[in-house]
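Just run38.cif here, mmCIF, C-alpha atoms and all ligand atoms:
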data_coords
loop_
_atom_site.label_atom_id
_atom_site.label_comp_id
_atom_site.auth_asym_id
_atom_site.auth_seq_id
_atom_site.Cartn_x
_atom_site.Cartn_y
_atom_site.Cartn_z
CA MET A 271 176.60 29.82 -114.28
CA LYS A 272 172.91 30.14 -115.00
CA ILE A 273 170.93 27.83 -112.74
CA ASN A 274 167.21 27.04 -112.71
CA VAL A 275 165.90 25.78 -109.37
CA LEU A 276 162.49 24.13 -109.79
CA GLY A 277 160.37 24.21 -106.63
CA LEU A 278 160.78 27.07 -104.17
CA GLY A 279 159.83 25.21 -101.01
CA TYR A 280 161.66 24.50 -97.76
CA ILE A 281 164.63 23.05 -99.69
CA GLY A 282 164.49 24.67 -103.14
CA LEU A 283 164.32 28.28 -101.96
CA PRO A 284 167.29 28.13 -99.54
CA THR A 285 169.29 26.20 -102.16
CA ALA A 286 168.45 28.79 -104.83
CA LEU A 287 169.46 31.65 -102.53
CA LEU A 288 172.71 29.98 -101.47
CA LEU A 289 173.63 29.56 -105.14
CA ALA A 290 172.61 33.15 -105.93
CA ASP A 291 174.77 34.28 -103.03
CA SER A 292 177.66 32.32 -104.60
CA SER A 293 177.45 34.64 -107.65
CA HIS A 294 175.40 32.35 -109.89
CA GLU A 295 172.49 33.71 -111.89
CA VAL A 296 169.52 31.84 -110.43
CA ILE A 297 166.01 31.48 -111.84
CA GLY A 298 163.67 30.26 -109.10
CA VAL A 299 160.79 28.40 -110.72
CA ASP A 300 157.47 27.65 -109.04
CA ILE A 301 153.86 27.11 -110.14
CA ASP A 302 152.45 28.95 -107.10
CA GLU A 303 151.78 32.50 -108.38
CA GLU A 304 151.07 33.83 -104.89
CA LYS A 305 154.50 32.64 -103.72
CA LEU A 306 156.17 34.19 -106.78
CA GLU A 307 154.46 37.55 -106.14
CA LYS A 308 155.57 37.49 -102.52
CA LEU A 309 159.16 36.79 -103.52
CA LYS A 310 159.08 39.52 -106.15
CA ASP A 311 157.89 41.92 -103.41
CA GLY A 312 160.84 40.89 -101.27
CA GLU A 313 158.81 38.75 -98.88
CA LEU A 314 159.66 35.17 -97.88
CA PRO A 315 156.84 32.58 -98.02
CA PHE A 316 158.01 30.85 -94.81
CA LYS A 317 160.28 31.38 -91.83
CA GLU A 318 163.66 29.74 -91.38
CA PRO A 319 166.59 31.01 -89.31
CA GLY A 320 169.00 33.14 -91.37
CA LEU A 321 166.88 33.07 -94.53
CA ASP A 322 165.90 36.76 -94.31
CA GLU A 323 169.52 37.90 -94.25
CA LEU A 324 170.45 35.54 -97.07
CA PHE A 325 167.53 36.80 -99.17
CA ASP A 326 168.70 40.39 -98.71
CA LYS A 327 172.21 39.52 -99.83
CA ALA A 328 171.27 37.24 -102.74
CA ARG A 329 168.20 38.94 -104.21
CA ASP A 330 169.99 40.66 -107.07
CA ASN A 331 171.05 37.31 -108.55
CA PHE A 332 167.67 35.65 -108.01
CA THR A 333 164.64 35.87 -110.34
CA PRO A 334 161.36 34.18 -109.33
CA LYS A 335 159.47 32.89 -112.41
CA ASN A 336 156.75 30.45 -113.44
CA GLU A 337 158.81 28.86 -116.22
CA VAL A 338 162.35 27.65 -116.81
CA GLU A 339 164.90 29.40 -119.00
CA LYS A 340 167.72 27.90 -121.01
CA GLY A 341 170.78 27.68 -118.80
CA ASP A 342 173.61 25.49 -117.55
CA VAL A 343 172.09 23.68 -114.57
CA PHE A 344 168.60 22.54 -113.50
CA ILE A 345 167.98 21.57 -109.88
CA ILE A 346 164.70 19.84 -109.08
CA ALA A 347 163.45 20.30 -105.50
CA VAL A 348 159.73 19.66 -105.81
CA PRO A 349 157.58 17.77 -103.29
CA THR A 350 157.26 14.01 -103.57
CA PRO A 351 154.36 13.25 -101.24
CA LEU A 352 152.98 9.85 -100.43
CA ASP A 353 149.59 8.98 -101.85
CA ARG A 354 148.07 7.83 -98.56
CA THR A 355 145.26 5.88 -100.18
CA ILE A 356 147.71 3.46 -101.81
CA ASN A 357 150.95 4.14 -99.87
CA VAL A 358 152.89 4.84 -103.06
CA ALA A 359 154.98 7.92 -103.88
CA ASP A 360 153.24 10.57 -105.93
CA LEU A 361 155.91 11.64 -108.42
CA ARG A 362 153.69 13.86 -110.55
CA SER A 363 155.52 17.05 -109.52
CA VAL A 364 158.87 15.50 -110.47
CA LYS A 365 157.44 14.49 -113.82
CA LYS A 366 156.02 17.98 -114.38
CA ALA A 367 159.37 19.56 -113.55
CA VAL A 368 161.26 17.27 -115.91
CA ASP A 369 158.66 17.93 -118.61
CA MET A 370 159.47 21.63 -118.26
CA ILE A 371 163.22 21.04 -118.54
CA SER A 372 163.42 18.67 -121.50
CA PRO A 373 162.40 21.20 -124.26
CA VAL A 374 165.12 23.66 -123.15
CA LEU A 375 167.80 21.09 -122.31
CA GLN A 376 171.07 21.71 -124.16
CA GLU A 377 174.27 19.76 -124.63
CA GLU A 378 176.56 19.77 -121.57
CA ASN A 379 173.70 20.80 -119.25
CA LEU A 380 173.57 19.32 -115.75
CA VAL A 381 170.28 18.16 -114.18
CA ILE A 382 170.24 17.43 -110.44
CA LEU A 383 167.30 15.79 -108.71
CA GLU A 384 167.21 16.75 -105.01
CA SER A 385 163.69 15.56 -104.21
CA THR A 386 163.46 12.36 -102.21
CA VAL A 387 162.38 9.55 -104.54
CA PRO A 388 162.01 5.76 -104.60
CA PRO A 389 165.13 3.95 -105.88
CA GLY A 390 165.17 3.80 -109.66
CA THR A 391 163.26 7.05 -110.27
CA SER A 392 166.16 8.96 -111.86
CA LYS A 393 166.86 6.24 -114.40
CA ASN A 394 163.33 5.02 -115.05
CA LEU A 395 161.28 8.21 -114.91
CA VAL A 396 163.56 11.26 -115.22
CA LEU A 397 166.10 10.09 -117.82
CA PRO A 398 163.63 8.98 -120.53
CA ILE A 399 161.81 12.34 -120.39
CA LEU A 400 165.07 14.29 -120.59
CA LYS A 401 166.01 12.26 -123.68
CA SER A 402 162.64 12.74 -125.34
CA ASP A 403 163.54 16.03 -127.05
CA GLY A 404 166.46 14.70 -129.06
CA LEU A 405 169.53 14.58 -126.82
CA ASN A 406 171.04 11.23 -125.88
CA GLU A 407 172.26 10.46 -122.36
CA ASN A 408 175.90 11.11 -123.22
CA GLN A 409 175.13 14.69 -124.21
CA PHE A 410 173.95 15.93 -120.81
CA TYR A 411 174.57 15.06 -117.16
CA LEU A 412 172.11 13.70 -114.62
CA ALA A 413 172.74 13.30 -110.89
CA HIS A 414 170.81 12.73 -107.68
CA SER A 415 171.82 14.63 -104.57
CA PRO A 416 169.22 14.14 -101.86
CA GLU A 417 168.67 17.06 -99.53
CA ARG A 418 169.39 16.24 -95.88
CA ALA A 419 168.74 19.50 -94.05
CA ILE A 420 166.41 19.49 -91.08
CA PRO A 421 163.64 22.12 -90.88
CA GLY A 422 164.50 24.72 -88.24
CA LYS A 423 168.21 24.49 -89.10
CA THR A 424 167.94 24.24 -92.87
CA LEU A 425 170.60 26.79 -93.85
CA LYS A 426 173.10 25.70 -91.25
CA GLU A 427 172.71 22.08 -92.27
CA MET A 428 172.75 22.80 -96.01
CA ILE A 429 176.08 24.51 -95.58
CA ASN A 430 177.68 22.17 -93.05
CA ASN A 431 176.20 18.68 -93.56
CA ASP A 432 177.93 16.06 -95.64
CA ARG A 433 176.30 15.29 -98.96
CA ILE A 434 175.82 12.21 -101.10
CA ILE A 435 175.97 12.63 -104.85
CA GLY A 436 175.19 9.88 -107.31
CA GLY A 437 175.58 10.61 -110.99
CA LEU A 438 174.42 8.66 -113.99
CA SER A 439 178.07 8.80 -115.07
CA GLU A 440 181.21 9.61 -113.14
CA LYS A 441 181.48 12.90 -114.97
CA ALA A 442 177.94 13.83 -113.90
CA THR A 443 178.87 13.10 -110.26
CA LYS A 444 181.98 15.27 -110.49
CA LYS A 445 180.11 18.14 -112.16
CA ALA A 446 177.39 18.13 -109.51
CA LYS A 447 179.99 17.87 -106.74
CA LYS A 448 181.80 20.92 -108.07
CA LEU A 449 178.60 22.95 -107.99
CA TYR A 450 177.78 22.11 -104.37
CA THR A 451 181.28 22.97 -103.17
CA ASP A 452 180.37 26.60 -103.95
CA PHE A 453 178.42 26.74 -100.69
CA SER A 454 178.80 23.38 -98.96
CA LYS A 455 181.50 22.98 -96.32
CA GLY A 456 180.71 19.33 -95.58
CA ASP A 457 182.28 16.27 -97.17
CA ILE A 458 180.72 15.20 -100.44
CA PHE A 459 180.59 11.46 -101.00
CA GLU A 460 180.35 10.05 -104.50
CA THR A 461 178.27 7.05 -105.52
CA ASP A 462 175.97 5.84 -108.29
CA ILE A 463 172.53 7.31 -108.84
CA LYS A 464 170.40 4.46 -107.44
CA THR A 465 172.54 4.09 -104.31
CA ALA A 466 172.14 7.82 -103.64
CA GLU A 467 168.36 7.45 -103.91
CA MET A 468 168.33 4.51 -101.51
CA VAL A 469 170.75 6.03 -98.97
CA LYS A 470 168.41 8.96 -98.33
CA LEU A 471 165.53 6.59 -97.63
CA MET A 472 167.71 4.42 -95.40
CA GLU A 473 168.60 7.46 -93.27
CA ASN A 474 165.02 8.49 -92.62
CA THR A 475 163.90 4.89 -92.14
CA PHE A 476 166.65 4.41 -89.56
CA ARG A 477 165.17 7.30 -87.63
CA ASP A 478 161.57 6.10 -87.95
CA VAL A 479 162.42 2.60 -86.77
CA ASN A 480 164.41 3.95 -83.83
CA ILE A 481 161.66 6.36 -82.81
CA ALA A 482 159.24 3.40 -82.97
CA LEU A 483 161.51 1.51 -80.59
CA ALA A 484 161.54 4.45 -78.18
CA ASN A 485 157.75 4.66 -78.44
CA GLU A 486 157.41 0.95 -77.73
CA PHE A 487 159.70 1.31 -74.70
CA SER A 488 157.50 4.15 -73.41
CA ARG A 489 154.39 1.99 -73.54
CA ILE A 490 156.13 -0.96 -71.91
CA ALA A 491 157.49 1.38 -69.22
CA GLU A 492 153.93 2.39 -68.33
CA ASP A 493 152.93 -1.29 -68.01
CA VAL A 494 156.03 -2.24 -66.04
CA GLY A 495 155.86 0.85 -63.83
CA ILE A 496 159.03 2.80 -64.53
CA ASP A 497 159.91 6.17 -66.02
CA VAL A 498 161.05 5.56 -69.63
CA TRP A 499 162.82 8.94 -69.78
CA GLU A 500 165.08 8.05 -66.90
CA GLY A 501 165.57 4.60 -68.44
CA ILE A 502 166.60 6.02 -71.81
CA GLU A 503 169.02 8.47 -70.21
CA LEU A 504 170.66 5.67 -68.29
CA ALA A 505 170.79 3.29 -71.26
CA ASN A 506 172.33 6.01 -73.41
CA ASN A 507 175.34 6.09 -71.09
CA HIS A 508 176.37 2.89 -72.82
CA PRO A 509 178.91 3.81 -75.51
CA ARG A 510 177.06 1.94 -78.25
CA VAL A 511 173.45 2.79 -77.35
CA ASP A 512 171.61 5.88 -78.56
CA ILE A 513 167.87 5.55 -78.03
CA LEU A 514 165.72 8.36 -79.48
CA ASN A 515 162.83 10.08 -77.73
CA PRO A 516 159.28 8.78 -77.45
CA GLY A 517 156.61 11.19 -78.58
CA PRO A 518 153.01 11.59 -79.77
CA GLY A 519 153.87 10.20 -83.20
CA VAL A 520 156.12 10.96 -86.13
CA GLY A 521 155.14 13.88 -88.32
CA GLY A 522 156.75 15.95 -91.03
CA HIS A 523 156.92 15.29 -94.73
CA CYS A 524 160.01 13.04 -94.53
CA ILE A 525 160.33 10.49 -91.77
CA SER A 526 156.68 9.46 -91.74
CA VAL A 527 156.69 9.13 -95.51
CA ASP A 528 160.08 8.02 -96.84
CA PRO A 529 160.09 4.52 -95.29
CA LEU A 530 157.06 3.72 -97.42
CA PHE A 531 158.99 4.67 -100.56
CA LEU A 532 161.17 1.70 -99.70
CA THR A 533 158.46 -0.77 -98.83
CA ALA A 534 156.49 0.08 -101.99
CA ASN A 535 159.41 -1.34 -103.96
CA SER A 536 159.74 -4.53 -102.00
CA THR A 537 157.66 -7.52 -101.08
CA THR A 538 159.90 -8.50 -98.18
CA SER A 539 159.76 -5.60 -95.72
CA LYS A 540 158.44 -6.35 -92.25
CA MET A 541 160.23 -4.13 -89.75
CA ILE A 542 159.77 -0.90 -91.66
CA ASN A 543 156.01 -1.34 -91.92
CA LEU A 544 155.78 -2.36 -88.29
CA ALA A 545 157.67 0.76 -87.18
CA ARG A 546 155.27 2.90 -89.22
CA GLU A 547 152.34 1.16 -87.54
CA ILE A 548 153.77 1.74 -84.05
CA ASN A 549 154.48 5.41 -84.70
CA ASP A 550 151.09 5.95 -86.33
CA SER A 551 149.38 4.46 -83.28
CA MET A 552 150.96 6.94 -80.86
CA PRO A 553 148.11 9.49 -81.19
CA ASN A 554 145.75 6.68 -80.12
CA PHE A 555 147.95 6.05 -77.10
CA VAL A 556 147.94 9.76 -76.22
CA MET A 557 144.17 9.71 -76.56
CA SER A 558 143.94 6.77 -74.15
CA LEU A 559 145.87 8.86 -71.60
CA VAL A 560 143.45 11.73 -72.19
CA LYS A 561 140.52 9.42 -71.50
CA GLU A 562 142.11 8.24 -68.26
CA LYS A 563 142.29 11.84 -67.08
CA THR A 564 138.93 13.07 -68.34
CA GLY A 565 136.75 9.93 -68.29
CA GLU A 566 134.52 11.17 -65.49
CA ILE A 567 133.95 14.61 -66.98
CA GLU A 568 130.81 15.32 -68.97
CA GLN A 569 131.45 16.99 -72.35
CA PRO A 570 135.13 17.53 -71.71
CA THR A 571 137.22 20.22 -73.38
CA ILE A 572 140.91 19.64 -74.13
CA SER A 573 143.64 22.06 -75.17
CA ILE A 574 146.23 20.91 -77.70
CA PHE A 575 149.53 22.72 -77.18
CA GLY A 576 151.63 22.61 -80.33
CA VAL A 577 150.03 21.59 -83.61
CA ALA A 578 153.33 21.75 -85.54
CA TYR A 579 154.86 18.35 -86.30
CA LYS A 580 157.72 19.05 -83.90
CA GLY A 581 159.07 21.78 -81.62
CA ASN A 582 160.03 25.27 -82.77
CA VAL A 583 158.87 25.00 -86.39
CA ASP A 584 155.70 26.36 -88.03
CA ASP A 585 155.25 23.30 -90.25
CA THR A 586 152.13 21.17 -89.69
CA ARG A 587 152.60 18.60 -92.43
CA GLU A 588 151.67 15.09 -91.22
CA THR A 589 151.50 16.42 -87.67
CA PRO A 590 150.32 13.85 -85.09
CA ALA A 591 148.17 16.67 -83.64
CA LYS A 592 145.71 16.17 -86.52
CA LYS A 593 145.02 12.56 -85.60
CA ILE A 594 144.70 13.38 -81.90
CA ILE A 595 142.22 16.17 -82.71
CA ARG A 596 140.16 13.95 -85.01
CA LEU A 597 140.09 11.09 -82.49
CA ALA A 598 139.03 13.49 -79.76
CA THR A 599 136.33 15.32 -81.73
CA ASN A 600 134.93 11.98 -82.92
CA GLN A 601 134.49 11.08 -79.28
CA GLY A 602 132.65 14.26 -78.40
CA TYR A 603 135.52 16.27 -76.97
CA GLU A 604 135.69 19.97 -77.61
CA VAL A 605 139.21 20.73 -78.82
CA LYS A 606 141.02 24.06 -78.64
CA CYS A 607 144.47 24.50 -80.14
CA TYR A 608 147.30 26.80 -79.17
CA ASP A 609 150.54 27.13 -81.12
CA PRO A 610 152.86 30.14 -80.84
CA HIS A 611 154.62 29.18 -84.11
CA VAL A 612 151.81 28.15 -86.44
CA LYS A 613 149.67 30.80 -88.13
CA LYS A 614 147.52 28.64 -90.42
CA PHE A 615 145.97 25.29 -89.54
CA ASP A 616 142.91 23.17 -90.43
CA HIS A 617 141.58 23.63 -86.92
CA GLU A 618 140.96 27.04 -85.28
CA LEU A 619 143.93 28.39 -83.30
CA PHE A 620 143.49 30.35 -80.05
CA GLU A 621 145.71 32.54 -77.93
CA LEU A 622 146.97 30.86 -74.76
CA GLU A 623 144.38 32.28 -72.40
CA GLU A 624 141.43 31.42 -74.62
CA ALA A 625 142.81 27.98 -75.44
CA VAL A 626 142.70 26.93 -71.80
CA GLU A 627 139.48 28.68 -70.81
CA ASP A 628 136.96 26.04 -69.62
CA SER A 629 139.46 23.33 -70.49
CA ASP A 630 139.80 20.09 -68.56
CA CYS A 631 143.18 18.99 -69.84
CA ILE A 632 146.20 20.39 -71.69
CA ILE A 633 148.04 18.00 -74.01
CA ILE A 634 151.55 18.96 -75.00
CA VAL A 635 152.04 17.62 -78.51
CA ALA A 636 154.86 19.69 -80.08
CA ASP A 637 157.74 20.65 -77.80
CA HIS A 638 157.91 24.39 -78.52
CA LYS A 639 160.39 26.22 -76.30
CA GLU A 640 157.66 28.74 -75.31
CA PHE A 641 155.84 26.06 -73.32
CA LYS A 642 158.71 25.95 -70.84
CA GLU A 643 158.14 29.63 -70.04
CA ILE A 644 154.43 29.29 -69.26
CA ASP A 645 153.52 30.13 -65.67
CA PRO A 646 150.94 27.43 -64.80
CA ASN A 647 149.63 29.60 -61.96
CA GLU A 648 148.21 31.96 -64.54
CA LEU A 649 146.19 29.35 -66.41
CA GLU A 650 142.47 29.57 -65.63
CA MET A 651 140.95 26.16 -66.35
CA GLU A 652 137.91 24.11 -65.43
CA ASN A 653 140.07 21.13 -64.37
CA LYS A 654 143.83 21.32 -64.01
CA ASN A 655 145.20 18.34 -65.92
CA VAL A 656 148.21 18.27 -68.19
CA ILE A 657 149.54 15.42 -70.34
CA ASP A 658 153.10 15.93 -71.50
CA SER A 659 153.86 13.63 -74.42
CA ARG A 660 157.39 15.09 -74.77
CA ASN A 661 158.59 15.18 -71.17
CA MET A 662 159.32 18.87 -71.51
CA ILE A 663 157.56 20.76 -68.71
CA ASP A 664 158.87 21.26 -65.20
CA ARG A 665 156.73 18.74 -63.37
CA GLU A 666 157.30 20.21 -59.93
CA LYS A 667 156.36 23.71 -61.06
CA TRP A 668 153.07 22.53 -62.57
CA GLU A 669 152.22 20.31 -59.62
CA LYS A 670 152.82 23.20 -57.25
CA ALA A 671 150.34 25.22 -59.32
CA GLY A 672 147.74 22.52 -58.62
CA PHE A 673 148.04 20.52 -61.83
CA ASP A 674 147.64 16.78 -62.10
CA VAL A 675 150.62 16.01 -64.35
CA LYS A 676 150.94 12.93 -66.55
CA VAL A 677 154.18 12.47 -68.49
CA MET A 678 153.83 9.90 -71.27
CA GLY A 679 156.08 6.91 -70.59
CA ASN A 680 156.26 7.59 -66.88
CA HIS A 681 154.04 5.39 -64.70
CA LEU A 682 153.64 8.13 -62.06
N1 LIG B 701 160.64 12.60 -83.27
C1 LIG B 701 160.38 11.84 -82.14
N2 LIG B 701 161.42 11.41 -81.39
C2 LIG B 701 162.71 11.72 -81.69
C3 LIG B 701 162.97 12.49 -82.84
C4 LIG B 701 161.93 12.91 -83.60
O1 LIG B 701 159.22 11.53 -81.84
O2 LIG B 701 163.60 11.30 -80.94
C5 LIG B 701 159.54 13.07 -84.13
C6 LIG B 701 159.46 14.57 -84.27
O3 LIG B 701 158.74 15.15 -83.24
C7 LIG B 701 158.77 14.71 -85.62
C8 LIG B 701 159.32 13.52 -86.41
O4 LIG B 701 159.79 12.61 -85.45
O5 LIG B 701 157.38 14.59 -85.50
C9 LIG B 701 160.42 13.88 -87.39
O6 LIG B 701 161.29 14.86 -86.85
P1 LIG B 701 162.87 14.90 -87.08
O7 LIG B 701 163.37 16.12 -86.39
O8 LIG B 701 163.49 13.63 -86.66
O9 LIG B 701 163.06 14.95 -88.64
P2 LIG B 701 162.52 15.90 -89.83
O10 LIG B 701 161.39 15.16 -90.51
O11 LIG B 701 162.25 17.28 -89.38
O12 LIG B 701 163.80 15.89 -90.81
C10 LIG B 701 164.33 14.65 -91.28
C11 LIG B 701 165.86 14.64 -91.06
N3 LIG B 701 166.37 13.29 -91.25
C12 LIG B 701 167.15 12.70 -90.32
O13 LIG B 701 167.41 13.20 -89.27
C13 LIG B 701 167.65 11.34 -90.69
C14 LIG B 701 166.51 15.61 -92.04
O14 LIG B 701 167.92 15.50 -91.97
C15 LIG B 701 166.05 15.32 -93.47
O15 LIG B 701 166.57 16.25 -94.38
C16 LIG B 701 164.56 15.43 -93.54
O16 LIG B 701 164.01 14.46 -92.63
C17 LIG B 701 164.11 15.16 -94.95
O17 LIG B 701 163.82 16.13 -95.66
O18 LIG B 701 164.13 14.00 -95.37
#
Now, as a test, write the supplied structure out as structure tokens.
Ligand code: SAJ
Amino acid sequence: MKINVLGLGYIGLPTALLLADSSHEVIGVDIDEEKLEKLKDGELPFKEPGLDELFDKARDNFTPKNEVEKGDVFIIAVPTPLDRTINVADLRSVKKAVDMISPVLQEENLVILESTVPPGTSKNLVLPILKSDGLNENQFYLAHSPERAIPGKTLKEMINNDRIIGGLSEKATKKAKKLYTDFSKGDIFETDIKTAEMVKLMENTFRDVNIALANEFSRIAEDVGIDVWEGIELANNHPRVDILNPGPGVGGHCISVDPLFLTANSTTSKMINLAREINDSMPNFVMSLVKEKTGEIEQPTISIFGVAYKGNVDDTRETPAKKIIRLATNQGYEVKCYDPHVKKFDHELFELEEAVEDSDCIIIVADHKEFKEIDPNELEMENKNVIDSRNMIDREKWEKAGFDVKVMGNHL
């Protein structure tokens, strides 16, 4: 089949390559010319385990382009960010993608929306545009199949995770399901289009709310005087309890954003907004710990370890590090950042040695595996303080090297 994949980002590109590797002829469409040139030169625009090998195998069936071609299938995997000023989804990229498809849409074509969208988007926004060039809704197929892969394990999860597919008609669902079985080994569950849209948001909201609970526990643990990490481990021995991990805040383009796609469509939500508020306040809590450690120091310097939104990825979208950095610089701190995964960031990045030079406190924000390997004896600092917001370093090792260690959520 000839398949157009619109949007060659973290989801679209792996999807396009998996389909190309399954012997389909794939046109990868993007508006970013620099990205297209890179791909034409055989270079990947981002890192993801296994993607290099897949690209090598699938390249012959994959053509990067800035426009769609007539074909059999159109998969839309463009970003759907949140407009932070009004907390409403910005669906302009979806609209642009559908605008590109409708003039070339033919009878029997299948259109699949993979981007995460507020419930109702497929029917209210996508369908009318697809119909605007003459076809009626019985002449083509429309389905929503939300992506569920987690950055860092995208390919593995795309192949092995279960999928939800909701078609506008039953035939649309079946057609989309058949396509995904070309590379997906997981179960594929069928539903209607609006339920599929909502399920994706429910999944990420579940996670956000549960991380908020863990974060609230960590703050209460500090007040009460216990170690929340030990508490969570013990509580999770219960067969029906599975508490997530506290942290410096929830980043990434999904979990910190998707819950608001739900609340924007409702006047009744309380818990979802509250969870967002709790998670968004975690950088402030981290900053309060920094002040406790550095309050006496004149013109303190701090070192942020890990500006990615989570461990072992190079993605900085919505990273809590940004808020911590802004809060700190606003209060006169000098901030130096170190991240062995990230190459490009709004704030200057330093090598390890330089990042800690003259520093008064290290703050572990993303839990990159490299931080476990650091020998604290080799760090030359002005004052040896470390705040671990992820409970990831070997406390004893750092204390032996003369560090004053503070683990977030642990009263000690
Ligand atoms: N985090 C915590 N504590 C935890 C787990 C995560 O503080 O116990 C933080 C992370 O550090 C990070 C943020 O939450 O800042 C989100 O990380 P994540 O690993 O939970 O999720 P994402 O955003 O990388 O990917 C999620 C996944 N959704 C679920 O697990 C329900 C993924 O399957 C989705 O495909 C993806 O969102 C998406 O695109 O929607």
At a cut-off of 6 Å around ligand LIG 701 (chain B), and using all atoms listed in the file, what residues come up? Please write them as a PyMOL selection string. chain A and resi 417-421+473-474+477+481+514-517+519-522+524-525+579-580
Please produce a file of the residues just selected, as a compact mmCIF listing (two decimals), keeping the file's coordinate frame, where the atoms kept are C-alpha atoms.
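Final file, selection-v4.txt:
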# COMPACT_ATOMS: atom_id res chain seq x y z
CA GLU A 417 168.67 17.06 -99.53
CA ARG A 418 169.39 16.24 -95.88
CA ALA A 419 168.74 19.50 -94.05
CA ILE A 420 166.41 19.49 -91.08
CA PRO A 421 163.64 22.12 -90.88
CA GLU A 473 168.60 7.46 -93.27
CA ASN A 474 165.02 8.49 -92.62
CA ARG A 477 165.17 7.30 -87.63
CA ILE A 481 161.66 6.36 -82.81
CA LEU A 514 165.72 8.36 -79.48
CA ASN A 515 162.83 10.08 -77.73
CA PRO A 516 159.28 8.78 -77.45
CA GLY A 517 156.61 11.19 -78.58
CA GLY A 519 153.87 10.20 -83.20
CA VAL A 520 156.12 10.96 -86.13
CA GLY A 521 155.14 13.88 -88.32
CA GLY A 522 156.75 15.95 -91.03
CA CYS A 524 160.01 13.04 -94.53
CA ILE A 525 160.33 10.49 -91.77
CA TYR A 579 154.86 18.35 -86.30
CA LYS A 580 157.72 19.05 -83.90
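The smallest atom-to-atom distance between A:Ile663 and any of A:Glu648, A:Glu640, A:Asp452, A:Glu460, using all atoms listed in the file, is found for A:Glu640.
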Find the residues around A:Glu624 up to 9 Å (all atoms listed in the file counted), leave out those fewer than 4 positions away in its own chain, and share them as number ranges by chain. A: 606, 608, 620, 628
Close residues, A:Leu276 itself excluded, 9 Å, all atoms listed in the file, min 5 positions apart in chain, as a JSON list (two decimals) with C-alpha atoms, in the frame of the given file:
[["chain", "number", "residue", "atom", "x", "y", "z"],
["A", 282, "GLY", "CA", 164.49, 24.67, -103.14],
["A", 297, "ILE", "CA", 166.01, 31.48, -111.84],
["A", 298, "GLY", "CA", 163.67, 30.26, -109.10],
["A", 299, "VAL", "CA", 160.79, 28.40, -110.72],
["A", 300, "ASP", "CA", 157.47, 27.65, -109.04],
["A", 337, "GLU", "CA", 158.81, 28.86, -116.22],
["A", 338, "VAL", "CA", 162.35, 27.65, -116.81],
["A", 344, "PHE", "CA", 168.60, 22.54, -113.50],
["A", 345, "ILE", "CA", 167.98, 21.57, -109.88],
["A", 346, "ILE", "CA", 164.70, 19.84, -109.08],
["A", 347, "ALA", "CA", 163.45, 20.30, -105.50],
["A", 348, "VAL", "CA", 159.73, 19.66, -105.81],
["A", 367, "ALA", "CA", 159.37, 19.56, -113.55]]
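If you measure from each of A:Asn394, A:Ser526, A:Thr355, A:Asn431 to A:Phe476 using all atoms listed in the file, the closest one turns out to be A:Ser526.
The set of protein, DNA and RNA residues with any counted atom at most 9 Å from (157.3, -1.0, -91.9) (only C-alpha atoms) reads A:Thr475, A:Val479, A:Pro529, A:Leu530, A:Thr533, A:Ser539, A:Lys540, A:Met541, A:Ile542, A:Asn543, A:Leu544, A:Ala545, A:Arg546, A:Glu547.
Contact shell of stretch 324-332 of chain A at 6 Å (only C-alpha atoms; same-chain neighbours under 3 positions omitted): Leu287, Ala290, Asp291, Glu295, Val296, Ile297 and Leu321 of chain A.
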Export, as an mmCIF file, in the frame of the given file, the selected residues with C-alpha atoms.
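Below is the file that was written, again_19.cif:
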data_model
loop_
_atom_site.group_PDB
_atom_site.id
_atom_site.type_symbol
_atom_site.label_atom_id
_atom_site.label_comp_id
_atom_site.auth_asym_id
_atom_site.auth_seq_id
_atom_site.Cartn_x
_atom_site.Cartn_y
_atom_site.Cartn_z
ATOM 1 C CA LEU A 287 169.460 31.650 -102.530
ATOM 2 C CA ALA A 290 172.610 33.150 -105.930
ATOM 3 C CA ASP A 291 174.770 34.280 -103.030
ATOM 4 C CA GLU A 295 172.490 33.710 -111.890
ATOM 5 C CA VAL A 296 169.520 31.840 -110.430
ATOM 6 C CA ILE A 297 166.010 31.480 -111.840
ATOM 7 C CA LEU A 321 166.880 33.070 -94.530
#
Provide the atom CA of A:Ala591 to atom CA of A:Cys607 distance in Å, to one decimal place. 9.3 Å
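Taking only C-alpha atoms into account, A:Glu323 lies nearest to A:Leu425 out of the set A:Ala359, A:Ala482, A:Met662, A:Leu425.
Taking only C-alpha atoms into account, A:Glu604 lies nearest to A:Ile572 out of the set A:Val560, A:Leu395, A:Ile572, A:Ile463.
Of note, atom CA of A:Phe459 and atom CA of A:Arg433 are spaced 6.1 Å apart.
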Go ahead and fit an axis-aligned box to every listed atom of stretch 634-642 of chain A plus 6 Å each side, and pass me the centre and edge lengths in Å, one decimal, as AutoDock Vina command-line options.
--center_x 156.0 --center_y 23.2 --center_z -75.5 --size_x 20.8 --size_y 23.1 --size_z 21.2
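Compared by their closest atoms to A:Arg596, and using only C-alpha atoms, the residues A:Asp493, A:Asp528, A:Asp616, A:Glu440 rank with A:Asp616 nearest.
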In terms of all atoms listed in the file, the residue from A:Lys593, A:Lys423, A:Lys455, A:His523 at minimal distance from A:Asp550 is A:Lys593
Exercise: A:Asn379 partners within 6 Å, all atoms listed in the file, chain neighbours under 2 positions left out, as a PyMOL selection string: chain A and resi 342-343+376-377+410
